[in-house]
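The structure appears right after this line, and notes come after that.
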Amino acid sequence: MSNSLILVLNCGSSSVKGAVLNHHTGEVLLSCLAEKLNLPDAYITFKYNDEKEVQDLSHKPHHTGAIEALMEALAAHNLDQRIGAVGHRVVHGGERFKESVIIDDAVLHDIEKCITLAPLHNPAHLLGIHAAQNVFHHIPHIAVFDTAFHQTIPEHAYTYATPYELYEQYGLRRYGMHGTSYRYIAGEAARILNRPEDNLSLVIAHLGNGASISAVLDGKSRDTSMGLTPLEGLMMGTRCGDIDPGVFSFLHEQTGMDVNQINELFNKKSGLLGVSGVSNDYRMVEEAAQTGNKRARLALDIFAYRLAKYIAAMTVANGRLDALVFTGGIGENAKDMRAAVIGYLGFLGLQIDDHLNAEMRFGNSGIITSSQSPLAMVVATNEELMIAQDSAHLAGLM
Ligand code: ADP
């Protein structure tokens, strides 16, 4: 049996998410999620053949413990010898990483240098990489960066209108996130439309718990809504998105909150959750709105309106629109939101087809606009497969 399976790892500060994929077919053979790491009740859940198994990790509640447990599960299912490479999701690659790379000491050093740009994420990724390298020491490890795809964004789009020295000294600029998803979607959209990716103008809205939008022209990112951090741009589950920076001092003066508290408010207590008071989960907010909850309705209205404004702005970055693409859990499922957004964009000629729109849910990909309209479509994203394909390619397993 060949060693052509890829282990994809996404390590957070208290979690390890893993999946073993066949990078040709996208089939996931085994997946796991370790949670509550560094707490006494840490545990790991494995999914294999649609069956779930939960294992206690309290005796080794850390990244290494989780990855050792994963290795044991792989061995139990005779998968351990079939892994040919490990692909790691890394949130921030700064300006150093414009594409995925095989991890060596220099790469580890540069990921460490990007900690200032992603102080919550990059340290956790490094912990995960070290732990995985110890357990899977005989195969290549690859880093796939969320920011890399956006390194083609032109200077006028990524530079903040703040003193230029701050960019030079601290790297203060817009970087963008969700790049792995955008790269996957750009390829998939071209395939579905049967058009060459290098001659296609897409505006792609990735709407999950975190949400962003990107202008992708001829396969390259031209602009995106997230900035130095994931806070900028669209309204999200718990993030406020674009906001007047003056609100910082206003809140400080009015409430006495300090920078950390305000940061927490904007990142964890705002967005759908903050406005609706119901949940950060789009589906639950939608259910509340349907039963007459006015704040839930308002939250959905803000979400759709802001998204429509951003779609119009992103068409400026590309100069034309061949297709608008919805993806992520909300983009792939929330048909009423898609209809509301396209309703705002009639001036671009966009017109929804209600029947097609209702059909494109639960993993279905395809066009949702009427025949006279410019194209809007739903494409299901698969960041893990993109990471697996990059890893296989760099490890010479294609
Ligand atoms: P993440 O960013 O964590 O990967 P997902 O892409 O899975 O998140 O998206 C999660 C969001 O998708 C949640 O807000 C969830 O409510 C929403 N969602 C999932 N299914 C549906 C659905 N059927 N209708 C509306 N929203 C949905």
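Ligands are numbered from 1 in the order shown, residues from 1 within each chain, and chains are lettered A, B, ... in the order they appear in the structure tokens.
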Extract, using only C-alpha atoms, all DNA, RNA and protein residues at most 9 Å from Arg306 (chain A), discarding same-chain residues fewer than 5 positions from it, and format them as a list in words.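 After dropping sequence-adjacent residues, the list is Gly233, Leu234, Met235, Asp301, Ile311 and Val341 of chain A.
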Could you build a table of the residues in chain A lying no more than 6 Å from ligand 1, giving for each the nearest pair of atoms and their separation in Å rounded to one decimal place, using only C-alpha atoms and all ligand atoms, ordered by chain and ascending residue number, as CSV?
```
residue,atom,partner,partner_atom_place_in_ligand_line,distance
A:Gly208,CA,ligand 1,9 (O),3.5
A:Asn209,CA,ligand 1,2 (O),3.9
A:Gly210,CA,ligand 1,2 (O),5.0
A:Asp281,CA,ligand 1,14 (O),3.8
A:Tyr282,CA,ligand 1,16 (O),3.8
A:Arg283,CA,ligand 1,16 (O),3.9
A:Gly328,CA,ligand 1,6 (O),4.0
A:Gly329,CA,ligand 1,9 (O),3.3
A:Ile330,CA,ligand 1,12 (O),4.0
A:Asn333,CA,ligand 1,22 (C),4.6
A:Ala334,CA,ligand 1,25 (C),4.2
```
Tell me, counting only C-alpha atoms, for each residue of region 187-291 of chain A within 10 Å of region 377-389 of chain A, which pair of atoms is nearest and how far apart they are in Å to one decimal, in rows ordered by chain and increasing number, as CSV.
```
residue,atom,partner,partner_atom,distance
A:Glu188,CA,A:Val379,CA,7.3
A:Ala189,CA,A:Val379,CA,6.8
A:Ile192,CA,A:Val379,CA,8.8
A:Leu193,CA,A:Met377,CA,9.7
A:Ile204,CA,A:Val379,CA,9.5
A:Ala205,CA,A:Val378,CA,9.7
A:His206,CA,A:Thr381,CA,8.5
```
Filtered DSSP result for region 11-125 of chain A, state strand (DSSP E or B), as JSON, numbers by chain: {"A": [11, 16, 17, 18, 19, 20, 21, 22, 28, 29, 30, 31, 32, 33, 34, 35, 43, 44, 45, 46, 47, 48, 51, 52, 53, 54, 55, 56, 83, 84, 85, 86, 87, 88, 89, 90, 101, 102]}
Do a neighbour search on Val20 (chain A) at 6 Å with only C-alpha atoms, toss out local chain neighbours closer than 4 positions, and write the hits as a list of chain:residue names.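 Selected residues are A:Ile6, A:Leu7, A:Val28, A:Leu29, A:Leu30.
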Selection to disk with N, CA and C atoms, as a compact mmCIF listing (two decimals), in the first residue's frame:
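Written out: part10.txt:
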```
# COMPACT_ATOMS: atom_id res chain seq x y z
N ILE A 6 -2.35 12.03 3.40
CA ILE A 6 -1.81 13.24 4.03
C ILE A 6 -2.54 13.46 5.35
N LEU A 7 -1.77 13.75 6.39
CA LEU A 7 -2.36 14.17 7.66
C LEU A 7 -2.39 15.69 7.68
N VAL A 28 -11.89 11.60 3.37
CA VAL A 28 -11.32 11.71 4.72
C VAL A 28 -11.44 10.34 5.37
N LEU A 29 -10.30 9.71 5.70
CA LEU A 29 -10.35 8.35 6.25
C LEU A 29 -10.53 8.36 7.75
N LEU A 30 -9.93 9.36 8.40
CA LEU A 30 -10.06 9.46 9.86
C LEU A 30 -9.93 10.92 10.23
```
Tell me, as a PyMOL selection string, which residues lie within 7 Å of Ala131 (chain A), counting only C-alpha atoms; anything in the same chain fewer than 4 positions away does not count. chain A and resi 63-64+67+127+135
Residues from the last selection, N, CA, C and O atoms, saved as a compact mmCIF listing (two decimals), in the first residue's frame:
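What landed in result-v9.txt:
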```txt
# COMPACT_ATOMS: atom_id res chain seq x y z
N HIS A 63 -0.53 19.34 23.53
CA HIS A 63 -0.48 19.07 22.09
C HIS A 63 0.21 17.73 21.79
O HIS A 63 -0.27 16.95 20.96
N THR A 64 1.33 17.48 22.49
CA THR A 64 2.05 16.23 22.26
C THR A 64 1.16 15.04 22.62
O THR A 64 1.10 14.05 21.88
N ILE A 67 -1.35 14.46 19.87
CA ILE A 67 -0.78 13.92 18.63
C ILE A 67 -0.31 12.47 18.83
O ILE A 67 -0.43 11.64 17.94
N LEU A 127 3.72 25.07 18.53
CA LEU A 127 3.61 23.95 19.48
C LEU A 127 3.20 22.67 18.76
O LEU A 127 3.78 21.60 18.95
N VAL A 135 6.56 13.12 16.67
CA VAL A 135 5.85 11.85 16.48
C VAL A 135 6.01 11.34 15.03
O VAL A 135 6.28 10.17 14.80
```
Straight-line distance linking CA of Ala124 (chain A) with CA of Ile139 (chain A), stated in Å to one decimal: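 Between CA of Ala124 (chain A) and CA of Ile139 (chain A) the gap is 21.0 Å.
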Rounded to one decimal in Å, what is the spacing between CA of Glu51 (chain A) and CA of Ala73 (chain A)? 13.1 Å
Using only C-alpha atoms, determine which residues lie at most 12 Å from Ile142 (chain A), disregarding the query and same-chain residues fewer than 6 positions distant; provide the list as a ChimeraX atom specification. /A:6-10,84-90,99-104,107-108,125,129,132-133,387-396
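Nearest residue to Ser58 (chain A) among A:Lys309, A:His109, A:Arg297, A:Lys36 is A:Lys36, counting only C-alpha atoms.
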For Ile302 (chain A), list every protein, DNA or RNA residue within 12 Å, evaluated using only C-alpha atoms, and leave out those in the same chain fewer than 2 positions away; present the list as a VMD selection string. chain A and resid 234 to 236 240 to 241 271 to 272 274 to 276 295 to 300 304 to 309 337 340 to 341
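Across A:Leu172, A:Leu321, A:Ala358, A:Ala118, the tightest approach to Lys335 (chain A) is made by A:Ala358 when counting only C-alpha atoms.
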